[in-house]
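These notes concern the structure reproduced below.
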Amino acid sequence: MRKEEFTVGSYVHVVKRGTRGLPIVRDDIDRFRFLLMLTHFNDEFASLNWYRDLKDAGLHNSLLRPKHWPTQKRLVHVIAFCLVENHFHLILQEINGGGIARFMKRLGIGMAKKYNERYKEKGSLFQGAYRAKTIVDDRYFRYVSTYVQLKNALDMYPGGNKSARKNFDRAYDWACAYPYSSLGDHTGNFDRPIVEKTLLSSLFTSVEYKEFARDVILGRYQSDDTETSHRSGFFV
């Protein structure tokens, strides 16, 4: 487990990649299980067999919580996320001391266990510990939010980001409907119990966010800290 102290209230960009660049999900069953884990692992409570509880309650195909579980007490706020084939990005807010470390440990162990069980694999699913970068100001937060939940989603868009730049409006609508990114939660396409929406909505209206995202995807915007992050390989 990565050991890093984050101040309560800090916003942190987290990346976790598959070992040797290999896939961490293979199909929509794996992808939906990632959403289940984002929902149910973000909790002080930990069931001895969380997935069996969901199946017994008929909730394994939804994001609803079993009635016999105690009221959720979140470890972190999940501000944004995106899952692609061989890695995922999160923006998390530390709301309890050590919450990010605890959440990421549960998520990493849970994903690896389910993947290995399903595909009869052994060994590490992930390439070491997660990488984390504290977001130091609103300007950088604006950029990172777009990078995480839009630019990464567009890697899955037909033709990728290159195609998206040719018809941004169509690509943006597609990304808003991509279920394994939080963009649709912030634009109203989804209403899921994963994402804390307050901060982003305090910075942008939905129209403003789309226009800001257009500038990012078309390469017309960079924050002061963006170039440093690209040179360090954090955004690769």
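In the structure tokens, chains take letters A, B, ... by order of appearance, with residues numbered from 1 within each chain and ligands from 1 in the order shown.
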
Skip stretch 84-96 of chain A itself and residues of its chain fewer than 2 positions away, then list as JSON, numbers by chain all residues within 7 Å of it, counting only C-alpha atoms.
{"A": [6, 7, 8, 9, 10, 11, 12, 13, 14, 15, 16, 17, 18, 21, 22, 23, 24, 25, 75, 76, 77, 78, 79, 80, 81, 82, 98, 99, 100, 148]}

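Residues in contact with A:Ala175 at up to 9 Å, not including ones fewer than 6 positions away on its chain and judged by only C-alpha atoms, are A:Gln149, A:Leu150, A:Lys151, A:Ala153, A:Leu154, A:Met156, A:Tyr157, A:Ser181, A:Leu183, A:Gly184.
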
Output N, CA, C and O atoms for every residue in the selection just made, as a compact mmCIF listing (two decimals), in the first residue's frame.
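The resulting file, part-v9.txt, is shown below:
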```
# COMPACT_ATOMS: atom_id res chain seq x y z
N GLN A 149 -11.95 13.02 -16.91
CA GLN A 149 -13.26 12.47 -17.27
C GLN A 149 -13.67 12.68 -18.72
O GLN A 149 -14.62 12.03 -19.18
N LEU A 150 -12.93 13.52 -19.45
CA LEU A 150 -13.25 13.69 -20.87
C LEU A 150 -12.13 13.15 -21.76
O LEU A 150 -12.36 12.28 -22.59
N LYS A 151 -10.92 13.67 -21.60
CA LYS A 151 -9.84 13.25 -22.50
C LYS A 151 -9.60 11.76 -22.42
O LYS A 151 -9.39 11.10 -23.45
N ALA A 153 -11.84 9.47 -21.52
CA ALA A 153 -12.99 8.81 -22.13
C ALA A 153 -12.87 8.82 -23.65
O ALA A 153 -13.21 7.83 -24.33
N LEU A 154 -12.35 9.91 -24.20
CA LEU A 154 -12.23 10.02 -25.66
C LEU A 154 -11.18 9.09 -26.24
O LEU A 154 -11.15 8.88 -27.45
N MET A 156 -11.45 6.11 -25.80
CA MET A 156 -12.32 4.99 -26.17
C MET A 156 -13.27 5.35 -27.31
O MET A 156 -14.00 4.49 -27.82
N TYR A 157 -13.30 6.62 -27.71
CA TYR A 157 -14.18 7.10 -28.78
C TYR A 157 -13.67 6.60 -30.13
O TYR A 157 -12.46 6.52 -30.35
N SER A 181 -17.14 6.83 -17.09
CA SER A 181 -16.57 8.13 -16.76
C SER A 181 -17.60 8.91 -15.96
O SER A 181 -18.80 8.68 -16.10
N LEU A 183 -18.13 12.09 -16.30
CA LEU A 183 -18.60 13.28 -17.01
C LEU A 183 -20.12 13.32 -17.06
O LEU A 183 -20.74 14.37 -16.83
N GLY A 184 -20.75 12.19 -17.37
CA GLY A 184 -22.21 12.14 -17.46
C GLY A 184 -22.90 12.43 -16.15
O GLY A 184 -24.04 12.92 -16.13
```

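You can rank A:Ala213, A:Leu218, A:Phe141, A:Ala132 by their closest distance to A:Asn161 using only C-alpha atoms, and at the top of that list sits A:Leu218.
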
When you count only C-alpha atoms, which of these residues is closest to A:His60: A:Asp173, A:Asp43, A:Met37, A:Leu48?
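Counting only C-alpha atoms, the residue closest to A:His60 is A:Met37.
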
One number please: atom CA of A:Leu63 to atom CA of A:Asn42, in Å, one decimal.
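According to the coordinates, atom CA of A:Leu63 and atom CA of A:Asn42 are separated by 12.6 Å.
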
Could you pull out all residues of stretch 3-229 of chain A with a DSSP call of strand (DSSP E) and give them as a compact mmCIF listing (two decimals) with C-alpha atoms, in the first residue's frame?
```
# COMPACT_ATOMS: atom_id res chain seq x y z
CA TYR A 11 -7.90 17.18 -3.73
CA VAL A 12 -5.72 14.48 -5.26
CA HIS A 13 -5.39 13.11 -8.79
CA VAL A 14 -4.79 9.36 -8.61
CA VAL A 15 -3.73 6.99 -11.40
CA LYS A 16 -3.45 3.20 -11.21
CA ARG A 17 -2.20 1.21 -14.20
CA VAL A 76 -13.33 10.05 0.50
CA HIS A 77 -15.27 12.19 -1.91
CA VAL A 78 -14.98 10.90 -5.48
CA ILE A 79 -15.01 14.05 -7.61
CA ALA A 80 -14.26 12.47 -10.98
CA PHE A 81 -13.25 9.14 -12.47
CA CYS A 82 -12.59 7.38 -15.73
CA LEU A 83 -11.89 3.74 -16.46
CA HIS A 87 -5.77 1.96 -16.16
CA PHE A 88 -8.07 4.30 -14.31
CA HIS A 89 -7.96 7.90 -13.12
CA LEU A 90 -9.67 9.35 -10.05
CA ILE A 91 -9.93 12.78 -8.48
CA LEU A 92 -10.45 12.25 -4.75
CA GLN A 93 -10.91 14.59 -1.83
CA GLU A 94 -9.44 13.50 1.49
CA ARG A 131 0.46 7.45 -8.39
CA ALA A 132 -0.94 10.55 -6.74
CA LYS A 133 -0.56 14.29 -7.28
CA THR A 134 -2.13 16.91 -5.04
CA ILE A 135 -4.16 19.52 -6.93
```

Selected residue, from A:Cys176, A:Arg33, A:Glu208, A:Arg142, that lies nearest to A:Tyr221 when counting only C-alpha atoms:
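For A:Tyr221, the nearest of the given residues is A:Arg142.
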
Spatial neighbours of A:Asp30, max dist 9 Å, only C-alpha atoms, sep filter under 4 positions, as an mmCIF file with N, CA and C atoms, in the first residue's frame:
```
data_model
loop_
_atom_site.group_PDB
_atom_site.id
_atom_site.type_symbol
_atom_site.label_atom_id
_atom_site.label_comp_id
_atom_site.auth_asym_id
_atom_site.auth_seq_id
_atom_site.Cartn_x
_atom_site.Cartn_y
_atom_site.Cartn_z
ATOM 1 N N ILE A 24 -6.839 -4.213 -17.352
ATOM 2 C CA ILE A 24 -7.348 -4.476 -16.008
ATOM 3 C C ILE A 24 -8.836 -4.816 -16.055
ATOM 4 N N VAL A 25 -9.453 -4.632 -17.198
ATOM 5 C CA VAL A 25 -10.838 -5.049 -17.448
ATOM 6 C C VAL A 25 -10.904 -5.615 -18.860
ATOM 7 N N ARG A 26 -11.821 -6.566 -19.054
ATOM 8 C CA ARG A 26 -11.933 -7.190 -20.377
ATOM 9 C C ARG A 26 -13.296 -6.989 -21.027
ATOM 10 N N PHE A 34 -16.280 -2.425 -11.488
ATOM 11 C CA PHE A 34 -15.497 -1.261 -11.065
ATOM 12 C C PHE A 34 -16.420 -0.187 -10.490
ATOM 13 N N MET A 111 -10.212 -5.272 -7.010
ATOM 14 C CA MET A 111 -10.157 -5.462 -8.460
ATOM 15 C C MET A 111 -9.270 -6.641 -8.826
ATOM 16 N N LYS A 114 -11.036 -10.095 -7.893
ATOM 17 C CA LYS A 114 -12.124 -10.481 -8.787
ATOM 18 C C LYS A 114 -11.605 -10.832 -10.179
ATOM 19 N N TYR A 115 -10.608 -10.082 -10.656
ATOM 20 C CA TYR A 115 -10.034 -10.354 -11.974
ATOM 21 C C TYR A 115 -9.382 -11.738 -11.982
#
```

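Those residues that approach A:Ala46 to within 12 Å, counting only C-alpha atoms, are Met37, His40, Phe41, Asn42, Asp43, Asn49, Trp50, Tyr51, Asp53, Trp69, Pro70, Thr71, Gln72, Lys73, Arg74, Leu75, Arg102, Phe103, Arg106, Leu107 and Gly110 of chain A; same-chain residues fewer than 3 positions away are not listed.
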
Write a file of the just-selected residues containing N, CA, C and O atoms, as a short mmCIF file (atom, residue, chain, number, x, y, z; two decimals), in the first residue's frame.
```
data_model
loop_
_atom_site.label_atom_id
_atom_site.label_comp_id
_atom_site.auth_asym_id
_atom_site.auth_seq_id
_atom_site.Cartn_x
_atom_site.Cartn_y
_atom_site.Cartn_z
N MET A 37 -17.52 -1.19 -7.08
CA MET A 37 -16.47 -1.00 -6.08
C MET A 37 -16.31 0.47 -5.71
O MET A 37 -16.12 0.81 -4.54
N HIS A 40 -19.33 1.00 -3.30
CA HIS A 40 -19.46 0.31 -2.02
C HIS A 40 -18.17 0.22 -1.20
O HIS A 40 -18.23 -0.04 0.01
N PHE A 41 -17.01 0.42 -1.84
CA PHE A 41 -15.76 0.39 -1.07
C PHE A 41 -15.47 1.73 -0.41
O PHE A 41 -14.60 1.82 0.45
N ASN A 42 -16.18 2.76 -0.82
CA ASN A 42 -16.00 4.09 -0.24
C ASN A 42 -16.85 4.19 1.03
O ASN A 42 -17.83 4.91 1.10
N ASP A 43 -16.42 3.45 2.06
CA ASP A 43 -17.27 3.28 3.24
C ASP A 43 -16.43 2.79 4.42
O ASP A 43 -15.55 1.93 4.24
N ASN A 49 -18.39 -10.34 2.73
CA ASN A 49 -18.56 -10.78 1.34
C ASN A 49 -19.55 -9.84 0.67
O ASN A 49 -20.74 -10.14 0.55
N TRP A 50 -19.03 -8.69 0.24
CA TRP A 50 -19.88 -7.62 -0.26
C TRP A 50 -20.64 -8.02 -1.52
O TRP A 50 -21.82 -7.70 -1.66
N TYR A 51 -20.01 -8.77 -2.42
CA TYR A 51 -20.67 -9.11 -3.67
C TYR A 51 -21.77 -10.15 -3.46
O TYR A 51 -22.83 -10.09 -4.08
N ASP A 53 -23.52 -10.34 -0.73
CA ASP A 53 -24.62 -9.55 -0.16
C ASP A 53 -25.45 -8.90 -1.26
O ASP A 53 -26.69 -8.88 -1.19
N TRP A 69 -27.16 -3.27 5.44
CA TRP A 69 -25.89 -2.61 5.71
C TRP A 69 -26.14 -1.32 6.50
O TRP A 69 -27.19 -0.68 6.33
N PRO A 70 -25.20 -0.91 7.33
CA PRO A 70 -25.37 0.37 8.04
C PRO A 70 -25.28 1.55 7.08
O PRO A 70 -24.82 1.41 5.94
N THR A 71 -25.71 2.71 7.54
CA THR A 71 -25.64 3.93 6.73
C THR A 71 -24.20 4.18 6.29
O THR A 71 -23.26 4.06 7.08
N GLN A 72 -24.04 4.51 5.03
CA GLN A 72 -22.70 4.72 4.47
C GLN A 72 -21.99 5.90 5.14
O GLN A 72 -22.57 6.98 5.29
N LYS A 73 -20.72 5.69 5.50
CA LYS A 73 -19.85 6.75 6.00
C LYS A 73 -18.63 6.77 5.08
O LYS A 73 -17.74 5.90 5.19
N ARG A 74 -18.58 7.72 4.18
CA ARG A 74 -17.58 7.72 3.12
C ARG A 74 -16.16 7.94 3.65
O ARG A 74 -15.95 8.72 4.58
N LEU A 75 -15.21 7.28 3.00
CA LEU A 75 -13.79 7.48 3.28
C LEU A 75 -13.27 8.71 2.57
O LEU A 75 -12.38 9.42 3.07
N ARG A 102 -6.82 4.18 2.44
CA ARG A 102 -7.70 3.05 2.74
C ARG A 102 -8.57 2.69 1.54
O ARG A 102 -8.75 1.51 1.20
N PHE A 103 -9.13 3.71 0.90
CA PHE A 103 -9.99 3.48 -0.26
C PHE A 103 -9.21 2.83 -1.39
O PHE A 103 -9.67 1.85 -2.01
N ARG A 106 -8.44 -0.87 -0.71
CA ARG A 106 -9.60 -1.73 -0.92
C ARG A 106 -9.89 -1.90 -2.41
O ARG A 106 -10.20 -3.01 -2.88
N LEU A 107 -9.78 -0.81 -3.16
CA LEU A 107 -10.08 -0.86 -4.59
C LEU A 107 -9.06 -1.73 -5.32
O LEU A 107 -9.43 -2.57 -6.16
N GLY A 110 -9.53 -5.42 -4.25
CA GLY A 110 -10.80 -5.94 -4.75
C GLY A 110 -10.78 -6.20 -6.24
O GLY A 110 -11.25 -7.25 -6.71
#
```

Fewer than 3 positions away in the same chain doesn't count, so skip those; otherwise give me all residues within 9 Å of A:Phe212, counting only C-alpha atoms, as a PyMOL selection string.
chain A and resi 142-143+146+204+207-209+215-217+221

By how many Å are atom CA of A:Thr39 and atom CA of A:Pro193 apart?
6.6 Å

Could you give me the residues within stretch 116-194 of chain A that DSSP places in helix (DSSP H, G or I), as a PyMOL selection string?
chain A and resi 116-119+138-154+160-166+168-177+183-187
